[in-house]
$ cat work16.json   # JSON, C-alpha atoms
[["chain", "number", "residue", "atom", "x", "y", "z"],
["A", 1, "MET", "CA", -97.95, 70.07, 20.68],
["A", 2, "PRO", "CA", -97.68, 73.13, 22.97],
["A", 3, "LEU", "CA", -100.82, 74.55, 24.54],
["A", 4, "GLU", "CA", -100.89, 77.66, 22.37],
["A", 5, "ARG", "CA", -101.04, 75.44, 19.27],
["A", 6, "LEU", "CA", -103.61, 73.14, 20.84],
["A", 7, "ARG", "CA", -105.89, 76.12, 21.40],
["A", 8, "GLU", "CA", -105.82, 76.73, 17.64],
["A", 9, "TYR", "CA", -105.84, 73.10, 16.48],
["A", 10, "ARG", "CA", -108.78, 72.58, 14.14],
["A", 11, "PRO", "CA", -108.09, 69.70, 11.78],
["A", 12, "GLU", "CA", -110.17, 69.18, 8.68],
["A", 13, "PRO", "CA", -113.00, 66.88, 9.78],
["A", 14, "ALA", "CA", -113.23, 63.40, 8.27],
["A", 15, "GLU", "CA", -117.00, 63.12, 8.14],
["A", 16, "PRO", "CA", -118.92, 60.60, 6.03],
["A", 17, "ALA", "CA", -121.47, 62.18, 3.70],
["A", 18, "ASP", "CA", -124.19, 59.89, 5.06],
["A", 19, "PHE", "CA", -123.26, 60.33, 8.74],
["A", 20, "ASP", "CA", -126.66, 61.71, 9.78],
["A", 21, "ALA", "CA", -128.59, 59.18, 7.68],
["A", 22, "PHE", "CA", -126.53, 56.33, 9.14],
["A", 23, "TRP", "CA", -127.33, 57.33, 12.70],
["A", 24, "LYS", "CA", -130.99, 58.04, 11.99],
["A", 25, "GLN", "CA", -131.38, 54.56, 10.51],
["A", 26, "THR", "CA", -129.42, 53.06, 13.41],
["A", 27, "LEU", "CA", -131.50, 54.67, 16.14],
["A", 28, "ASP", "CA", -134.81, 54.22, 14.31],
["A", 29, "GLY", "CA", -134.11, 50.50, 14.13],
["A", 30, "ALA", "CA", -132.78, 50.09, 17.66],
["A", 31, "GLY", "CA", -135.67, 47.84, 18.65],
["A", 32, "PRO", "CA", -138.32, 47.97, 21.38],
["A", 33, "GLY", "CA", -138.28, 46.48, 24.84],
["A", 34, "PRO", "CA", -139.36, 47.17, 28.41],
["A", 35, "VAL", "CA", -137.39, 49.12, 31.00],
["A", 36, "THR", "CA", -137.43, 47.41, 34.38],
["A", 37, "PHE", "CA", -136.38, 48.80, 37.75],
["A", 38, "GLU", "CA", -135.80, 46.09, 40.36],
["A", 39, "PRO", "CA", -135.04, 46.98, 44.00],
["A", 40, "TYR", "CA", -131.48, 46.05, 44.98],
["A", 41, "ASP", "CA", -130.61, 45.67, 48.64],
["A", 42, "ALA", "CA", -127.26, 47.43, 48.91],
["A", 43, "GLY", "CA", -127.49, 47.90, 52.67],
["A", 44, "LEU", "CA", -127.14, 51.68, 52.36],
["A", 45, "ASN", "CA", -129.12, 53.92, 54.70],
["A", 46, "THR", "CA", -129.09, 57.06, 52.57],
["A", 47, "VAL", "CA", -129.03, 55.63, 49.02],
["A", 48, "GLN", "CA", -131.70, 53.56, 47.30],
["A", 49, "VAL", "CA", -130.39, 51.29, 44.52],
["A", 50, "GLN", "CA", -132.33, 49.84, 41.61],
["A", 51, "ASP", "CA", -131.07, 47.19, 39.19],
["A", 52, "VAL", "CA", -132.11, 48.46, 35.76],
["A", 53, "THR", "CA", -132.54, 46.57, 32.49],
["A", 54, "PHE", "CA", -133.33, 48.53, 29.35],
["A", 55, "PRO", "CA", -133.42, 47.84, 25.58],
["A", 56, "GLY", "CA", -130.25, 48.86, 23.79],
["A", 57, "TRP", "CA", -129.01, 48.02, 20.31],
["A", 58, "GLY", "CA", -131.52, 45.73, 18.56],
["A", 59, "GLY", "CA", -133.68, 45.74, 21.67],
["A", 60, "GLN", "CA", -131.03, 43.65, 23.42],
["A", 61, "PRO", "CA", -131.07, 43.94, 27.24],
["A", 62, "VAL", "CA", -128.51, 46.30, 28.77],
["A", 63, "LYS", "CA", -127.88, 46.59, 32.50],
["A", 64, "ALA", "CA", -127.50, 49.74, 34.58],
["A", 65, "TRP", "CA", -127.67, 50.91, 38.16],
["A", 66, "LEU", "CA", -130.02, 53.68, 39.23],
["A", 67, "LEU", "CA", -128.95, 55.29, 42.50],
["A", 68, "LEU", "CA", -131.35, 57.63, 44.28],
["A", 69, "PRO", "CA", -131.14, 59.63, 47.50],
["A", 70, "ARG", "CA", -133.38, 57.71, 49.88],
["A", 71, "HIS", "CA", -134.78, 60.97, 51.29],
["A", 72, "ARG", "CA", -135.99, 62.96, 48.30],
["A", 73, "ARG", "CA", -138.84, 65.23, 47.38],
["A", 74, "GLY", "CA", -140.40, 64.46, 43.99],
["A", 75, "PRO", "CA", -138.64, 63.59, 40.71],
["A", 76, "LEU", "CA", -134.95, 64.50, 40.65],
["A", 77, "PRO", "CA", -132.62, 65.90, 38.00],
["A", 78, "ALA", "CA", -130.48, 63.04, 36.74],
["A", 79, "VAL", "CA", -126.94, 62.27, 35.68],
["A", 80, "VAL", "CA", -126.42, 59.45, 33.15],
["A", 81, "GLN", "CA", -122.88, 58.13, 33.39],
["A", 82, "TYR", "CA", -120.83, 56.16, 30.87],
["A", 83, "ILE", "CA", -117.85, 54.03, 31.86],
["A", 84, "GLY", "CA", -114.27, 53.85, 30.61],
["A", 85, "TYR", "CA", -112.80, 51.30, 28.24],
["A", 86, "ASN", "CA", -113.01, 47.67, 29.31],
["A", 87, "GLY", "CA", -114.95, 48.58, 32.46],
["A", 88, "GLY", "CA", -118.60, 48.18, 33.38],
["A", 89, "ARG", "CA", -121.19, 49.18, 35.93],
["A", 90, "GLY", "CA", -119.40, 47.22, 38.67],
["A", 91, "THR", "CA", -121.05, 47.52, 42.09],
["A", 92, "PRO", "CA", -123.27, 50.35, 43.37],
["A", 93, "TYR", "CA", -120.70, 51.23, 46.06],
["A", 94, "GLU", "CA", -118.35, 52.60, 43.38],
["A", 95, "TRP", "CA", -120.76, 55.35, 42.26],
["A", 96, "LEU", "CA", -121.96, 57.37, 45.26],
["A", 97, "THR", "CA", -120.75, 60.92, 44.51],
["A", 98, "TRP", "CA", -123.60, 62.23, 42.37],
["A", 99, "THR", "CA", -126.31, 60.72, 44.54],
["A", 100, "ALA", "CA", -124.64, 62.22, 47.60],
["A", 101, "ALA", "CA", -125.02, 65.57, 45.82],
["A", 102, "GLY", "CA", -128.75, 64.90, 45.53],
["A", 103, "TYR", "CA", -129.07, 63.73, 41.92],
["A", 104, "ALA", "CA", -130.56, 60.59, 40.46],
["A", 105, "HIS", "CA", -127.65, 58.70, 38.93],
["A", 106, "LEU", "CA", -127.94, 56.08, 36.20],
["A", 107, "VAL", "CA", -124.71, 54.14, 35.50],
["A", 108, "MET", "CA", -124.79, 52.29, 32.17],
["A", 109, "ASP", "CA", -123.03, 48.97, 31.71],
["A", 110, "ASN", "CA", -120.65, 48.39, 28.77],
["A", 111, "ARG", "CA", -121.75, 45.47, 26.63],
["A", 112, "GLY", "CA", -119.07, 42.80, 26.34],
["A", 113, "GLN", "CA", -116.52, 44.78, 28.35],
["A", 114, "GLY", "CA", -115.65, 44.61, 32.05],
["A", 115, "GLY", "CA", -112.53, 42.47, 31.75],
["A", 116, "GLY", "CA", -110.03, 45.24, 32.33],
["A", 117, "GLY", "CA", -109.36, 44.51, 35.97],
["A", 118, "LYS", "CA", -111.37, 47.44, 37.34],
["A", 119, "THR", "CA", -115.17, 47.60, 37.24],
["A", 120, "THR", "CA", -116.95, 44.54, 35.86],
["A", 121, "ALA", "CA", -119.84, 44.33, 33.40],
["A", 122, "ASP", "CA", -123.02, 42.24, 33.32],
["A", 123, "THR", "CA", -124.17, 42.86, 29.73],
["A", 124, "ALA", "CA", -123.33, 40.50, 26.88],
["A", 125, "ASP", "CA", -122.46, 41.81, 23.42],
["A", 126, "VAL", "CA", -124.79, 39.91, 21.11],
["A", 127, "ALA", "CA", -123.77, 40.61, 17.52],
["A", 128, "PRO", "CA", -125.80, 38.34, 15.26],
["A", 129, "ASP", "CA", -124.27, 39.78, 12.08],
["A", 130, "GLY", "CA", -120.79, 38.70, 13.13],
["A", 131, "HIS", "CA", -117.59, 40.40, 12.00],
["A", 132, "GLY", "CA", -114.29, 39.66, 10.36],
["A", 133, "SER", "CA", -110.71, 39.99, 11.53],
["A", 134, "SER", "CA", -109.93, 42.24, 14.48],
["A", 135, "SER", "CA", -107.12, 43.17, 16.82],
["A", 136, "PRO", "CA", -107.66, 42.29, 20.50],
["A", 137, "GLY", "CA", -109.96, 44.90, 22.00],
["A", 138, "PHE", "CA", -113.02, 46.68, 20.62],
["A", 139, "LEU", "CA", -111.82, 49.41, 18.25],
["A", 140, "THR", "CA", -111.36, 47.09, 15.27],
["A", 141, "ARG", "CA", -114.21, 44.71, 16.03],
["A", 142, "GLY", "CA", -116.33, 44.77, 12.87],
["A", 143, "VAL", "CA", -114.20, 47.55, 11.40],
["A", 144, "GLU", "CA", -114.71, 46.26, 7.85],
["A", 145, "ASP", "CA", -118.29, 47.60, 7.87],
["A", 146, "PRO", "CA", -119.80, 50.52, 9.83],
["A", 147, "GLY", "CA", -123.00, 48.51, 10.16],
["A", 148, "LYS", "CA", -121.17, 45.76, 12.04],
["A", 149, "HIS", "CA", -118.80, 47.85, 14.13],
["A", 150, "TYR", "CA", -118.86, 47.36, 17.89],
["A", 151, "TYR", "CA", -119.32, 51.05, 18.65],
["A", 152, "ARG", "CA", -122.52, 51.19, 16.62],
["A", 153, "ARG", "CA", -124.01, 48.95, 19.29],
["A", 154, "LEU", "CA", -122.42, 50.64, 22.30],
["A", 155, "ILE", "CA", -123.32, 54.18, 21.21],
["A", 156, "THR", "CA", -126.90, 53.06, 20.57],
["A", 157, "ASP", "CA", -126.98, 51.65, 24.10],
["A", 158, "ALA", "CA", -125.71, 54.99, 25.40],
["A", 159, "VAL", "CA", -128.44, 56.95, 23.61],
["A", 160, "ARG", "CA", -131.12, 54.63, 24.96],
["A", 161, "ALA", "CA", -129.74, 54.86, 28.50],
["A", 162, "VAL", "CA", -131.13, 58.40, 28.56],
["A", 163, "ASP", "CA", -134.53, 57.00, 27.62],
["A", 164, "ALA", "CA", -134.17, 54.50, 30.45],
["A", 165, "ALA", "CA", -133.52, 57.31, 32.91],
["A", 166, "LYS", "CA", -136.56, 59.18, 31.60],
["A", 167, "ALA", "CA", -138.71, 56.09, 32.16],
["A", 168, "SER", "CA", -138.14, 56.26, 35.91],
["A", 169, "PRO", "CA", -140.87, 58.07, 37.88],
["A", 170, "ASP", "CA", -138.10, 59.30, 40.18],
["A", 171, "VAL", "CA", -136.37, 61.26, 37.39],
["A", 172, "ALA", "CA", -137.29, 64.71, 36.08],
["A", 173, "ALA", "CA", -137.25, 63.86, 32.36],
["A", 174, "ASP", "CA", -136.44, 67.42, 31.27],
["A", 175, "ARG", "CA", -133.38, 67.75, 33.53],
["A", 176, "ILE", "CA", -130.84, 65.14, 32.43],
["A", 177, "ALA", "CA", -127.08, 65.48, 31.94],
["A", 178, "VAL", "CA", -124.58, 62.97, 30.56],
["A", 179, "LEU", "CA", -121.03, 62.51, 31.75],
["A", 180, "GLY", "CA", -118.07, 60.20, 31.58],
["A", 181, "GLY", "CA", -114.30, 59.96, 31.36],
["A", 182, "SER", "CA", -112.13, 58.43, 28.64],
["A", 183, "GLN", "CA", -114.43, 56.08, 26.69],
["A", 184, "GLY", "CA", -117.25, 57.40, 28.87],
["A", 185, "GLY", "CA", -116.38, 60.93, 27.80],
["A", 186, "GLY", "CA", -116.47, 59.93, 24.15],
["A", 187, "LEU", "CA", -119.87, 58.31, 24.67],
["A", 188, "ALA", "CA", -121.14, 61.44, 26.42],
["A", 189, "LEU", "CA", -120.13, 63.50, 23.36],
["A", 190, "ALA", "CA", -121.78, 61.00, 21.02],
["A", 191, "VAL", "CA", -125.04, 61.10, 22.96],
["A", 192, "ALA", "CA", -124.92, 64.91, 23.13],
["A", 193, "GLY", "CA", -124.62, 64.94, 19.34],
["A", 194, "LEU", "CA", -127.48, 62.49, 18.80],
["A", 195, "ARG", "CA", -130.03, 63.99, 21.24],
["A", 196, "ASP", "CA", -131.43, 67.49, 21.59],
["A", 197, "ASP", "CA", -133.01, 67.04, 25.02],
["A", 198, "LEU", "CA", -129.97, 67.15, 27.31],
["A", 199, "VAL", "CA", -129.23, 69.92, 29.78],
["A", 200, "ALA", "CA", -125.47, 69.38, 30.02],
["A", 201, "ALA", "CA", -122.58, 67.14, 28.96],
["A", 202, "ILE", "CA", -119.32, 66.52, 30.81],
["A", 203, "ALA", "CA", -116.48, 64.81, 28.93],
["A", 204, "ASP", "CA", -113.27, 64.17, 30.85],
["A", 205, "VAL", "CA", -110.15, 63.26, 28.82],
["A", 206, "PRO", "CA", -112.45, 61.85, 26.11],
["A", 207, "PHE", "CA", -111.56, 58.80, 24.04],
["A", 208, "LEU", "CA", -113.06, 58.01, 20.58],
["A", 209, "CYS", "CA", -111.76, 61.26, 19.08],
["A", 210, "HIS", "CA", -109.77, 61.99, 15.90],
["A", 211, "TYR", "CA", -108.81, 58.37, 15.19],
["A", 212, "ARG", "CA", -106.32, 58.96, 12.39],
["A", 213, "ARG", "CA", -104.08, 61.26, 14.39],
["A", 214, "ALA", "CA", -104.49, 59.25, 17.60],
["A", 215, "SER", "CA", -103.45, 56.01, 15.91],
["A", 216, "GLN", "CA", -100.36, 57.69, 14.45],
["A", 217, "ILE", "CA", -98.98, 59.49, 17.51],
["A", 218, "THR", "CA", -99.50, 57.13, 20.46],
["A", 219, "ASP", "CA", -98.53, 53.51, 20.94],
["A", 220, "SER", "CA", -100.62, 53.25, 24.10],
["A", 221, "GLY", "CA", -103.92, 51.40, 24.15],
["A", 222, "PRO", "CA", -106.64, 51.48, 23.06],
["A", 223, "TYR", "CA", -105.70, 53.55, 19.98],
["A", 224, "ALA", "CA", -102.73, 51.22, 19.46],
["A", 225, "GLU", "CA", -105.25, 48.55, 18.46],
["A", 226, "ILE", "CA", -105.80, 50.45, 15.21],
["A", 227, "ALA", "CA", -102.09, 50.61, 14.44],
["A", 228, "ARG", "CA", -101.65, 46.94, 15.35],
["A", 229, "PHE", "CA", -104.49, 45.95, 13.03],
["A", 230, "LEU", "CA", -103.16, 48.06, 10.15],
["A", 231, "LYS", "CA", -99.64, 46.76, 10.62],
["A", 232, "GLY", "CA", -100.99, 43.51, 9.24],
["A", 233, "HIS", "CA", -103.76, 44.87, 6.99],
["A", 234, "ARG", "CA", -101.36, 47.14, 5.15],
["A", 235, "PHE", "CA", -103.68, 48.38, 2.44],
["A", 236, "ALA", "CA", -106.81, 48.83, 4.55],
["A", 237, "ALA", "CA", -106.04, 52.15, 6.29],
["A", 238, "ASP", "CA", -108.49, 54.29, 4.34],
["A", 239, "ASP", "CA", -111.29, 51.77, 4.71],
["A", 240, "VAL", "CA", -110.67, 51.28, 8.44],
["A", 241, "LEU", "CA", -110.48, 54.99, 9.18],
["A", 242, "GLY", "CA", -113.53, 55.50, 6.97],
["A", 243, "THR", "CA", -115.49, 53.13, 9.19],
["A", 244, "LEU", "CA", -114.23, 54.75, 12.39],
["A", 245, "ALA", "CA", -115.33, 58.18, 11.14],
["A", 246, "TYR", "CA", -118.94, 57.12, 11.82],
["A", 247, "PHE", "CA", -118.02, 56.76, 15.50],
["A", 248, "ASP", "CA", -115.73, 59.75, 15.92],
["A", 249, "ALA", "CA", -116.68, 62.10, 18.76],
["A", 250, "VAL", "CA", -115.32, 64.99, 16.67],
["A", 251, "ASN", "CA", -118.26, 64.50, 14.31],
["A", 252, "PHE", "CA", -120.81, 64.07, 17.08],
["A", 253, "ALA", "CA", -119.48, 67.21, 18.79],
["A", 254, "ALA", "CA", -120.33, 69.28, 15.73],
["A", 255, "ARG", "CA", -124.00, 68.41, 16.29],
["A", 256, "ALA", "CA", -124.13, 68.86, 20.07],
["A", 257, "THR", "CA", -125.76, 71.96, 21.53],
["A", 258, "ALA", "CA", -126.05, 71.29, 25.29],
["A", 259, "PRO", "CA", -123.54, 73.22, 27.44],
["A", 260, "ALA", "CA", -120.41, 71.10, 27.79],
["A", 261, "TRP", "CA", -117.46, 70.85, 30.12],
["A", 262, "PHE", "CA", -114.31, 69.13, 28.86],
["A", 263, "SER", "CA", -111.02, 68.29, 30.53],
["A", 264, "VAL", "CA", -107.63, 67.33, 29.11],
["A", 265, "GLY", "CA", -104.29, 66.20, 30.50],
["A", 266, "LEU", "CA", -101.37, 67.61, 28.55],
["A", 267, "MET", "CA", -99.25, 64.57, 29.46],
["A", 268, "ASP", "CA", -101.93, 62.09, 28.42],
["A", 269, "ASN", "CA", -100.41, 59.43, 26.15],
["A", 270, "ILE", "CA", -103.66, 57.39, 26.02],
["A", 271, "CYS", "CA", -105.96, 60.14, 24.71],
["A", 272, "PRO", "CA", -103.49, 62.66, 23.27],
["A", 273, "PRO", "CA", -104.37, 66.31, 23.96],
["A", 274, "SER", "CA", -104.65, 67.21, 20.27],
["A", 275, "THR", "CA", -107.42, 64.64, 19.82],
["A", 276, "VAL", "CA", -109.36, 66.13, 22.74],
["A", 277, "PHE", "CA", -108.95, 69.68, 21.43],
["A", 278, "ALA", "CA", -110.11, 68.53, 17.98],
["A", 279, "ALA", "CA", -113.45, 67.50, 19.52],
["A", 280, "TYR", "CA", -113.59, 70.53, 21.81],
["A", 281, "HIS", "CA", -113.12, 73.05, 19.01],
["A", 282, "ARG", "CA", -115.79, 71.40, 16.88],
["A", 283, "TYR", "CA", -118.34, 71.25, 19.70],
["A", 284, "ALA", "CA", -121.29, 73.36, 18.56],
["A", 285, "GLY", "CA", -122.76, 74.36, 21.92],
["A", 286, "PRO", "CA", -121.41, 76.48, 24.79],
["A", 287, "LYS", "CA", -118.26, 74.88, 26.15],
["A", 288, "GLN", "CA", -115.40, 75.14, 28.60],
["A", 289, "ILE", "CA", -112.23, 73.10, 28.95],
["A", 290, "GLU", "CA", -110.05, 72.54, 32.01],
["A", 291, "VAL", "CA", -106.37, 71.95, 31.20],
["A", 292, "PHE", "CA", -104.24, 69.84, 33.55],
["A", 293, "THR", "CA", -100.73, 70.69, 32.45],
["A", 294, "TYR", "CA", -98.81, 68.04, 34.39],
["A", 295, "ASN", "CA", -101.35, 65.23, 34.37],
["A", 296, "GLY", "CA", -101.82, 62.24, 32.15],
["A", 297, "HIS", "CA", -104.95, 60.21, 31.53],
["A", 298, "GLU", "CA", -106.05, 60.60, 35.15],
["A", 299, "GLY", "CA", -106.77, 64.26, 34.37],
["A", 300, "GLY", "CA", -108.16, 66.09, 37.36],
["A", 301, "ALA", "CA", -109.43, 62.90, 39.02],
["A", 302, "ALA", "CA", -111.35, 63.58, 42.26],
["A", 303, "TYR", "CA", -109.84, 67.08, 42.48],
["A", 304, "ASP", "CA", -112.00, 68.07, 39.51],
["A", 305, "VAL", "CA", -115.30, 67.04, 41.13],
["A", 306, "PRO", "CA", -116.08, 70.54, 42.51],
["A", 307, "ARG", "CA", -115.93, 71.99, 38.99],
["A", 308, "LYS", "CA", -118.35, 69.34, 37.73],
["A", 309, "LEU", "CA", -120.68, 69.79, 40.67],
["A", 310, "ALA", "CA", -120.77, 73.52, 39.96],
["A", 311, "ALA", "CA", -121.58, 72.78, 36.31],
["A", 312, "LEU", "CA", -124.44, 70.49, 37.29],
["A", 313, "HIS", "CA", -125.76, 72.96, 39.83],
["A", 314, "ASP", "CA", -125.77, 75.68, 37.16],
["A", 315, "THR", "CA", -127.59, 73.54, 34.60],
["A", 316, "LEU", "CA", -129.63, 70.90, 36.43],
["A", 317, "GLY", "CA", -130.17, 72.93, 39.56],
["A", 318, "VAL", "CA", -129.56, 71.97, 43.16],
["A", 319, "PRO", "CA", -131.90, 69.11, 44.20],
["A", 320, "GLU", "CA", -134.12, 69.81, 47.17],
["A", 321, "ALA", "CA", -133.74, 67.11, 49.82],
["A", 322, "GLU", "CA", -136.57, 65.99, 52.05],
["A", 323, "GLN", "CA", -136.02, 67.38, 55.50]]
$ encode --input "work16.json" --output "structure tokens"
Amino acid sequence: MPLERLREYRPEPAEPADFDAFWKQTLDGAGPGPVTFEPYDAGLNTVQVQDVTFPGWGGQPVKAWLLLPRHRRGPLPAVVQYIGYNGGRGTPYEWLTWTAAGYAHLVMDNRGQGGGGKTTADTADVAPDGHGSSSPGFLTRGVEDPGKHYYRRLITDAVRAVDAAKASPDVAADRIAVLGGSQGGGLALAVAGLRDDLVAAIADVPFLCHYRRASQITDSGPYAEIARFLKGHRFAADDVLGTLAYFDAVNFAARATAPAWFSVGLMDNICPPSTVFAAYHRYAGPKQIEVFTYNGHEGGAAYDVPRKLAALHDTLGVPEAEQ
């Protein structure tokens, strides 16, 4: 689809009638639990690292890293980051950019993921309700029932990661942004749609958007998991896509009001541009999108960091370092 059409692409939303009630019930029943911040000796002179455990879905423990500038003055504005598909929080050394800019930085682990050959995860996916048939991966895990779907648990974790950041005495609770790329971008949009206390959201080449179209126009993973599942379950398409609509970032975007910065790669065959623009156009708050004409799923990569730093400086402010 050429860019001029993408800029006008506004598909009819596939939104369950009980979408808001489903998520209210989900988050109300997420379960209690303590947030713990344990010192972690990373051997870094300028960055302090804490090993965080917080209650996610069902009160189950979820891991995160909290990175802080060692020389700081009072509570800091914070960035909560979500990780791409099949990755996890990995090691603290992989996440130094935002702390180097002066922000507190919480990196949430992905439950049950981390086997993709990049960053690893330390959080188990405990799903006591179980689920039926699924294609390898996470998109069709529990897809027969929205209440059992994998992303109900992961999105709940992502919402509660913001609460975990707020629980730190080193974080300014009223100055928190969320960000991520690919799956992390989709999670950032979901959290922006489920919370009204965020200052900004950054979603790079977001995944979890416009499932029906994505599953029909790309044979690249992870959306290909849907097509693979439905190749066998021939008569289940409406039911499967009906479940996925509860976890579609297009629907969360319609409820999000924090200023948002998107990015898209026009040669992205993993998260097709039309799916990104579908979420972008439905985003309710102030928004901007950066278009990388000749890039795929890598988007702007590190070359896009200055734009994101400028966005955080405009919304969170520039942290004041201890001299």
$ residues_around --input "work16.json" --residues "region 249-255 of chain A" --least-positions-apart "2" --cutoff "9 Å" --atoms "only C-alpha atoms" --output "ChimeraX atom specification"
/A:13-15,19,186-195,206-210,245-247,257,275-276,278-285
$ write_last_selection --input "work16.json" --atoms "C-alpha atoms" --output "compact mmCIF listing (two decimals), in the coordinates of the input"
# COMPACT_ATOMS: atom_id res chain seq x y z
CA PRO A 13 -113.00 66.88 9.78
CA ALA A 14 -113.23 63.40 8.27
CA GLU A 15 -117.00 63.12 8.14
CA PHE A 19 -123.26 60.33 8.74
CA GLY A 186 -116.47 59.93 24.15
CA LEU A 187 -119.87 58.31 24.67
CA ALA A 188 -121.14 61.44 26.42
CA LEU A 189 -120.13 63.50 23.36
CA ALA A 190 -121.78 61.00 21.02
CA VAL A 191 -125.04 61.10 22.96
CA ALA A 192 -124.92 64.91 23.13
CA GLY A 193 -124.62 64.94 19.34
CA LEU A 194 -127.48 62.49 18.80
CA ARG A 195 -130.03 63.99 21.24
CA PRO A 206 -112.45 61.85 26.11
CA PHE A 207 -111.56 58.80 24.04
CA LEU A 208 -113.06 58.01 20.58
CA CYS A 209 -111.76 61.26 19.08
CA HIS A 210 -109.77 61.99 15.90
CA ALA A 245 -115.33 58.18 11.14
CA TYR A 246 -118.94 57.12 11.82
CA PHE A 247 -118.02 56.76 15.50
CA THR A 257 -125.76 71.96 21.53
CA THR A 275 -107.42 64.64 19.82
CA VAL A 276 -109.36 66.13 22.74
CA ALA A 278 -110.11 68.53 17.98
CA ALA A 279 -113.45 67.50 19.52
CA TYR A 280 -113.59 70.53 21.81
CA HIS A 281 -113.12 73.05 19.01
CA ARG A 282 -115.79 71.40 16.88
CA TYR A 283 -118.34 71.25 19.70
CA ALA A 284 -121.29 73.36 18.56
CA GLY A 285 -122.76 74.36 21.92
$ closest_residue --input "work16.json" --among "A:Ala21, A:Pro34, A:Thr99, A:Pro77" --to "Val47 (chain A)" --atoms "only C-alpha atoms"
A:Thr99
$ residues_around --input "work16.json" --residues "Gly29 (chain A)" --least-positions-apart "3" --cutoff "8 Å" --atoms "only C-alpha atoms" --output "VMD selection string"
chain A and resid 25 to 26 58
$ residues_near_point --input "work16.json" --point "(-134.1, 63.0, 32.0)" --cutoff "9 Å" --atoms "all atoms listed in the file" --output "JSON, numbers by chain"
{"A": [76, 77, 78, 79, 80, 162, 163, 164, 165, 166, 167, 168, 171, 172, 173, 174, 175, 176, 177, 197, 198, 199]}
$ atom_distance --input "work16.json" --atom1 "CA of His149 (chain A)" --atom2 "CA of Tyr82 (chain A)"
18.8 Å
$ residues_around --input "work16.json" --residues "Pro222 (chain A)" --least-positions-apart "2" --cutoff "10 Å" --atoms "all atoms listed in the file" --output "PyMOL selection string"
chain A and resi 85-86+136-139+183+207-208+214-215+218-220+224-227+270-271
$ residues_around --input "work16.json" --residues "Gly180 (chain A)" --least-positions-apart "2" --cutoff "7 Å" --atoms "all atoms listed in the file" --output "ChimeraX atom specification"
/A:81-83,182,184-185,188,202-204
$ write_last_selection --input "work16.json" --atoms "C-alpha atoms" --output "PDB file, keeping the file's coordinate frame"
ATOM      1  CA  GLN A  81    -122.880  58.130  33.390  1.00  0.00           C
ATOM      2  CA  TYR A  82    -120.830  56.160  30.870  1.00  0.00           C
ATOM      3  CA  ILE A  83    -117.850  54.030  31.860  1.00  0.00           C
ATOM      4  CA  SER A 182    -112.130  58.430  28.640  1.00  0.00           C
ATOM      5  CA  GLY A 184    -117.250  57.400  28.870  1.00  0.00           C
ATOM      6  CA  GLY A 185    -116.380  60.930  27.800  1.00  0.00           C
ATOM      7  CA  ALA A 188    -121.140  61.440  26.420  1.00  0.00           C
ATOM      8  CA  ILE A 202    -119.320  66.520  30.810  1.00  0.00           C
ATOM      9  CA  ALA A 203    -116.480  64.810  28.930  1.00  0.00           C
ATOM     10  CA  ASP A 204    -113.270  64.170  30.850  1.00  0.00           C
TER      11      ASP A 204
END
$ atom_distance --input "work16.json" --atom1 "CA of Tyr151 (chain A)" --atom2 "CA of Val52 (chain A)"
21.5 Å
$ atom_distance --input "work16.json" --atom1 "CA of Pro61 (chain A)" --atom2 "CA of Ala201 (chain A)"
24.8 Å
